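Q: Have a look at this one.
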Amino acid sequence: MDIFANLMLGLSVAVTPANLAYLLIGVMVGMVVGIIPGFGPAAALAILLPITFGMNPTGAVIMLAAIYYGAQYGGTVTSILLNTPGESSSVASTFDGYPLAQQGRAGPALVMQAVASFVGGTLGVILITVLAPAFAQVTRSFGPPEFFLLVMMGLSTLIVMVGGNWRYGVISALLGFALGTVGVDLETGQTRFTFRSAELIGGIDFIPIAIGLFGLGELYYAFYTGMHVSGTGGIVQYQKEKRFWPEVRDYVETKFSLLRGSVLGFVIGVIPGAGATIASLMSYSLEKSLSRTPEKFGKGAMAGLVGPEAANNAASSGAMVPLLTLGIPGSASTAVLLAAFVLWGLTPGPLLMGQKPEFAWGLIASMYLGNVALLALNIFAIPLFVQMVKLPYRILAPAVILVCTAGTYSVNGSIVETWLMFAAGLVGFFMKRHGFSPAALVLALVLGPLAEQSLRQSLTISRGSFGIFLERPMSLWILGITAVVLALGLLMRRSSRPD
Amino acid sequence: MRAGFLLAILLVSGGYAWLAFAELDYLSSAGRLGPGFFPRIIGVSLMVLCAASLYKDSGFRETLSAHWRTAAVVAALSAAFIALLEFLGGLLAMIAFMAAALAFLNRGRPWQNALLALVLPVCVYLLFKVWLNAALPRGVLLPL
């Protein structure tokens with residue numbers, strides 16, 4: 001079956017009334033999640049995962065994916081109007097978005113960010129459509145050494161790119177690996193670290209940990225930093241009737257920024273561990289370095305808003321490529337998506353697109369529709385979403401704790417798992433407080449079993465020689481790409497260090 | 001604070017490594033790498049990194065946020081909520097938690113708090129119990 005036929009199959013799945021409804025709910029929830037500062041898509045996905053249990057698998061994953069990429073759109077609204085990014089991938093959008101709003105150009109900035117997000121997101125999905133099947137073909141030849149190296153690549157990229165203390169990043173990842181070893185060893189059947197508890201034999205469930213780390217942990221940290229008392233008084237007001245639409249020159253001046261941001265974002269997104277935040281920051285640097293008027297950056301340059309916006313949306317699409325074709329998530333959000341796939345009995349990997357075409361292509365087709373819906377929402381319903389920013393945190397937070405707790409309990413009806421979520425919440429708070437990486441922990445928890453299995457298989461094949469990781473061409477490619485990405489990451493860290 | 005957190009991780013990783021060496025085999029009976037292989041690497045690496053971090057960051061001084069009490073009270077309320085979940089049952093525990101949390105966080109608005117403490121838990125209860133048919137604990141006092 002060719003790409004066009006597959007896409008048609010996907011569209012026929014995505015446009016069923018139920019799936020369309022899930023898609024619309026997903027994009028709206030994503031927008032809201034993106035808009036609320038301190039509440040990221042990973043938290044929303046983890047919290048809402050139990051709610052999808054009553055749905056059909058394709059509809060559930062369509063909704064969760066829509067929340068994921070919808071959050072990229074929403075995060076920029078507060079960057080422009082409040083100088084506060086709704087989530088980390090929108091940080092670069094504050095640099096020029098907020099100055100534009102202060103100059104009375106909030107309307108054009110909001111419309112241009114919506115257009116840029118749409119172009120980036122849609123180009124990203126087109127690239128997935130074209131490249132994912134080819135990528136799946138290539139990855140069919142991957143063996144245990146390649147899978148182990150990919151896991152290491154994802155984690156090391158995440159640790160280096162996110163910044164902060166690298167030792168704390170590695171400790172976070174090792175903690176995730178350690179949690180992943182609890183339960184029955186699949187090769188020998190021996191139980192590990194279960195302390196004779198029947199609840200631990202099946203391993204530590206991912207959902208309570210993710211909900212605790214990203215839901216409760218983030219929430220406690222938000223209280224700790226005083227988010228419940230900080231108001232939204234500084235929000236820039238704008239009128240839809242006056243100076244709302246961008247001028248022709250805005251489109252003309254930024255057309256190449258749109259394309260560059262989209263392509264760069266997609267490439268960065270495909271690399272496990274890099275993600276939308278890195279893509280948007282790199283795009284901002286690129287646009288500034290290529291601009292004839294770099295002095296305008298930081299003072300309201302439209303290219304400084306458009307490039308990063310296209311990049312972070314294209315990156316969120318790009319991140320779906322390793323997820324769908326390898327089953328390797330590159331971020332905390334995609335790790336939760338992977339958990340959703342597994343919960344629904346879907347095994348992402350090279351064979352997914354061939355064995356479950358209606359699911360894989362239904363998801364891809366829904367992303368086209370989701371981006372169109374998000375464009376319309378971003379242009380015509382922004383005032384509605386801006387009201388969400390004004391929702392007091394002191395009311396929102398207890399409601400979130402309610403859903404976190406009920407959601408965790410409802411998965412298996414287990415009070416032990418609910419306590420586990422609470423413990424993860426406390427750990428998540430301290431991790432955020434002291435500069436550790438909850439994302440690395442969750443990613444390692446999800447990828448830990450794959451890392452262990454592929455490492456043991458590789459060393460069994462090579463009879464204990466680590467040289468196996470340097471023998472196969474694909475392994476060398478992965479090592480080469482990892483080296484380049486890490487070098488880039490280290491350069492970025494060095495250049496961002498104050499003199 | 002940071003040193004305490006690192007020390008806690010060091011102790012946990014020490015226990016983890018000890019179990020990995022004492023109870024899990026490095027090789028399986030078939031002569032392949034066994035269940036202890038990976039945990040040993042993780043445990044030792046964790047201990048080394050935690051010890052190095054403790055040594056390097058021992059001089060680090062930090063100040064507590066002015067809002068630490070609020071965060072602590074919200075965490076304590078969450079813990080109390082979970083502790084009461086199976087005794088009061090899902091619905092009552094949610095109402096009690098919301099009432100307590102809002103009374104603490106949203107002071108001076110008793111009517112708004114009372115309304116929210118009733119409406120939000122009922123909505124969550126209907127969402128999970130009725131719409132999703134999911135498991136929520138039935139209470140001892142009121143078996144809902």
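If you're wondering about the labels, chains in the structure tokens are A, B, ... by order shown, residues count from 1 in each chain, ligands from 1 in order shown.
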Tell me, as an MDAnalysis selection string, which residues lie within 12 Å of Arg40 (chain B), counting only C-alpha atoms; anything in the same chain fewer than 2 positions away does not count.
A: (chainID A and resid 174 177:178 181 192 452) or (chainID B and resid 13:27 33:38 42:47)
Q: Export C-alpha atoms of the chosen residues as a short mmCIF file (atom, residue, chain, number, x, y, z; two decimals), in the first residue's frame?
A:
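Everything below was put into again20.cif:
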```
data_model
loop_
_atom_site.label_atom_id
_atom_site.label_comp_id
_atom_site.auth_asym_id
_atom_site.auth_seq_id
_atom_site.Cartn_x
_atom_site.Cartn_y
_atom_site.Cartn_z
CA LEU A 174 19.77 5.82 37.11
CA PHE A 177 16.52 2.43 35.69
CA ALA A 178 16.55 1.18 39.29
CA THR A 181 14.31 -3.38 37.63
CA ARG A 192 13.93 -8.60 42.19
CA GLU A 452 18.56 -4.01 30.25
CA SER B 13 21.13 3.30 46.35
CA GLY B 14 23.41 1.68 48.94
CA GLY B 15 20.56 -0.62 49.98
CA TYR B 16 19.73 -1.28 46.35
CA ALA B 17 23.33 -2.16 45.51
CA TRP B 18 23.63 -4.37 48.58
CA LEU B 19 20.54 -6.35 47.57
CA ALA B 20 21.80 -6.58 43.99
CA PHE B 21 25.10 -8.09 45.16
CA ALA B 22 23.72 -10.21 48.00
CA GLU B 23 20.54 -11.64 46.54
CA LEU B 24 20.76 -11.49 42.76
CA ASP B 25 23.02 -13.65 40.64
CA TYR B 26 25.47 -12.10 38.23
CA LEU B 27 25.13 -15.10 35.90
CA LEU B 33 24.12 -12.63 32.27
CA GLY B 34 21.76 -12.96 35.19
CA PRO B 35 19.22 -10.78 37.00
CA GLY B 36 21.91 -9.14 39.13
CA PHE B 37 24.04 -7.86 36.25
CA PHE B 38 22.17 -4.66 35.43
CA ILE B 42 23.08 0.83 38.42
CA GLY B 43 23.58 0.55 42.17
CA VAL B 44 27.31 1.14 42.08
CA SER B 45 26.99 4.02 39.57
CA LEU B 46 24.33 5.67 41.72
CA MET B 47 26.47 5.41 44.83
#
```
Q: Within 6 Å of chain B, which residues belong to chain A? Use only C-alpha atoms and report them as a list of chain:residue names.
A: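 Every residue of chain A that passes the 6 Å test is in A:Gly54, A:Tyr220, A:Phe223, A:Tyr224, A:Gly226, A:Arg394, A:Ser410, A:Gly413.
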Q: Can you tell me, as a PyMOL selection string, which residues in region 8-89 of chain B count as helix (DSSP H, G or I) by DSSP?
A: chain B and resi 8-23+37-56+68-88
Q: What is the distance, in Å and to one decimal place, between CA of Met227 (chain A) and CA of Ile401 (chain A)?
A: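 Here the two named atoms are 15.8 Å from each other.
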